[in-house]
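Engineer: My questions will all concern the structure given below.
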Amino acid sequence: METTQTDKERTDHSSDALIRSVQVLDCGRAEQHWEHRHGSPLPKLWWVFFGRRWVDLPLQAFLITHRDGLVLFDTGIDPAVQLDQGYIKQAIGRFLLPRIFRLHLTAEDRIDRVLHKSDVAPEEIRTAVISHLHFDHVGGIRHIPQADLLVSAVEWSILSEPHPEQDWILREHIEIPSAKWQQISFVPTDDPLFEGFEGIHDVAGDGSMILIPTPGHTRGSMSMLIRQEGWDPILLVADLTYEASLIEKDVVPGVGDGPTLLASYAKVRKLQERLPNLAIVPSHDFGASEFIDQTTGVAHEPESLQT
């Protein structure tokens, strides 16, 4: 029988390509309140305790195959947050978590096992970009101890505050001996593409992966612009929004700082005007794989042809 190429092989356009593939990694599932995703005029604790409408939430990270090595955008969640009663040390956190999220995790959702499913050894990861420090984005860092972990200096400063755990930033799972954290600052640029942003950080020094500040979900949240010749550009926006369409509608979620989120939305829309085919890809959007496949030109064969 005729064999077909894998998605990864189809996106390897050339051995000279800076970015050879972008892959969505499935790190489990959860449910969140409707108000969490779409916002609410009611106080947060009201919908946390009394909200009855739950919506599905995919937990995802991204694997970028760069010419110089493998890069993760976030590291998923540690299933121990559900499976180990002692993972969250604070009693109030253990009490609130199931009222904010309904987690549906197994041990196989840990990032090292997720990578193995994609035929990638965790030891191969060279760099992990951490969009922000929430527990569902840093859950895999202890399983890639060799990787440089890039975090914005503004985001890192939250750890110096008295109670970062109140914002679901769990210090004990971030400040671990094996972690190779690198705080980055954004450098001003005269590139008109990034007008309005405070600056940029070029991950590989070749323009293929550019970090930009998009605060609002947390104070130091950042997004990553991916550019590869032959593709439409991709903007990984992490938790700036839970659905790409909500940015256009100025719908802010029920968490984060509303005015700051709206300001970041406006900057992202301006970037999209300058890059008309820009794909905006949130980390918790079920459409993430489809967005990236369309952008990179991946075409899936009918199931009957996949042999």
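For the structure tokens, the naming scheme is as follows: chains receive sequential letters (A, B, ...) according to their order of presentation, residues are indexed from 1 within each chain, and ligands are indexed from 1 in presentation order.
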So that I can see what lies close to region 108-115 of chain A, please list as a VMD selection string the residues with an atom at most 10 Å from it, counting only C-alpha atoms and leaving out residues fewer than 4 positions away in the same chain.
Structural biologist: chain A and resid 25 to 29 59 to 61 63 74 to 80 104 119 to 125 138 to 144
Engineer: If we count only C-alpha atoms, what is near Arg53 (chain A) at a cut-off of 6 Å, once residues fewer than 2 positions away on the same chain are taken out, given as a VMD selection string?
Structural biologist: chain A and resid 33 to 34 51
Engineer: List every residue of region 45-290 of chain A that DSSP, applied to the backbone, labels as alpha helix (DSSP H), and write the result as a ChimeraX atom specification.
Structural biologist: /A:45-50,80-83,91-100,111-117,153-156,245-248,258-274,288-290
Engineer: Contacts of Glu31 (chain A) at 10 Å or less, counting only C-alpha atoms, minus same-chain residues fewer than 4 places along, as a short mmCIF file (atom, residue, chain, number, x, y, z; two decimals) with N, CA, C and O atoms, in the first residue's frame?
Structural biologist:
data_model
loop_
_atom_site.label_atom_id
_atom_site.label_comp_id
_atom_site.auth_asym_id
_atom_site.auth_seq_id
_atom_site.Cartn_x
_atom_site.Cartn_y
_atom_site.Cartn_z
N ARG A 53 -23.06 26.81 34.52
CA ARG A 53 -22.81 26.50 33.11
C ARG A 53 -21.31 26.29 32.91
O ARG A 53 -20.51 27.20 33.08
N TRP A 54 -20.94 25.08 32.55
CA TRP A 54 -19.53 24.73 32.34
C TRP A 54 -19.28 24.49 30.86
O TRP A 54 -20.15 23.99 30.15
N VAL A 55 -18.08 24.85 30.41
CA VAL A 55 -17.70 24.64 29.01
C VAL A 55 -16.36 23.91 28.98
O VAL A 55 -15.52 24.06 29.88
N ASP A 56 -16.15 23.12 27.92
CA ASP A 56 -14.92 22.34 27.79
C ASP A 56 -13.72 23.25 27.55
O ASP A 56 -13.82 24.31 26.91
N LEU A 57 -12.59 22.82 28.07
CA LEU A 57 -11.35 23.60 27.99
C LEU A 57 -10.20 22.66 27.64
O LEU A 57 -9.81 21.82 28.46
N PRO A 58 -9.62 22.77 26.44
CA PRO A 58 -8.45 21.96 26.14
C PRO A 58 -7.20 22.54 26.81
O PRO A 58 -7.05 23.76 26.92
N LEU A 59 -6.33 21.67 27.27
CA LEU A 59 -5.05 22.08 27.87
C LEU A 59 -3.97 21.73 26.85
O LEU A 59 -3.74 20.56 26.57
N PRO A 98 -11.31 22.91 42.45
CA PRO A 98 -12.40 22.20 41.78
C PRO A 98 -13.63 23.06 41.54
O PRO A 98 -14.51 22.66 40.77
N ILE A 100 -13.25 26.17 40.40
CA ILE A 100 -12.87 26.99 39.26
C ILE A 100 -12.70 26.15 38.00
O ILE A 100 -13.11 26.53 36.91
N PHE A 101 -12.06 24.98 38.16
CA PHE A 101 -11.84 24.06 37.05
C PHE A 101 -12.33 22.66 37.43
O PHE A 101 -12.13 22.22 38.56
N ARG A 102 -12.92 21.98 36.47
CA ARG A 102 -13.13 20.54 36.57
C ARG A 102 -12.05 19.89 35.71
O ARG A 102 -12.11 19.96 34.48
N LEU A 103 -11.06 19.30 36.35
CA LEU A 103 -9.93 18.72 35.64
C LEU A 103 -10.21 17.27 35.27
O LEU A 103 -10.79 16.51 36.06
N HIS A 104 -9.82 16.90 34.07
CA HIS A 104 -9.95 15.53 33.58
C HIS A 104 -8.58 15.10 33.06
O HIS A 104 -8.30 15.17 31.86
#
Engineer: Counting only C-alpha atoms, figure out which residue out of A:Met222, A:Ala288, A:Val187, A:Ile64 gets nearest to Val154 (chain A).
Structural biologist: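 The shortest atom-to-atom distance to Val154 (chain A) comes from A:Met222.
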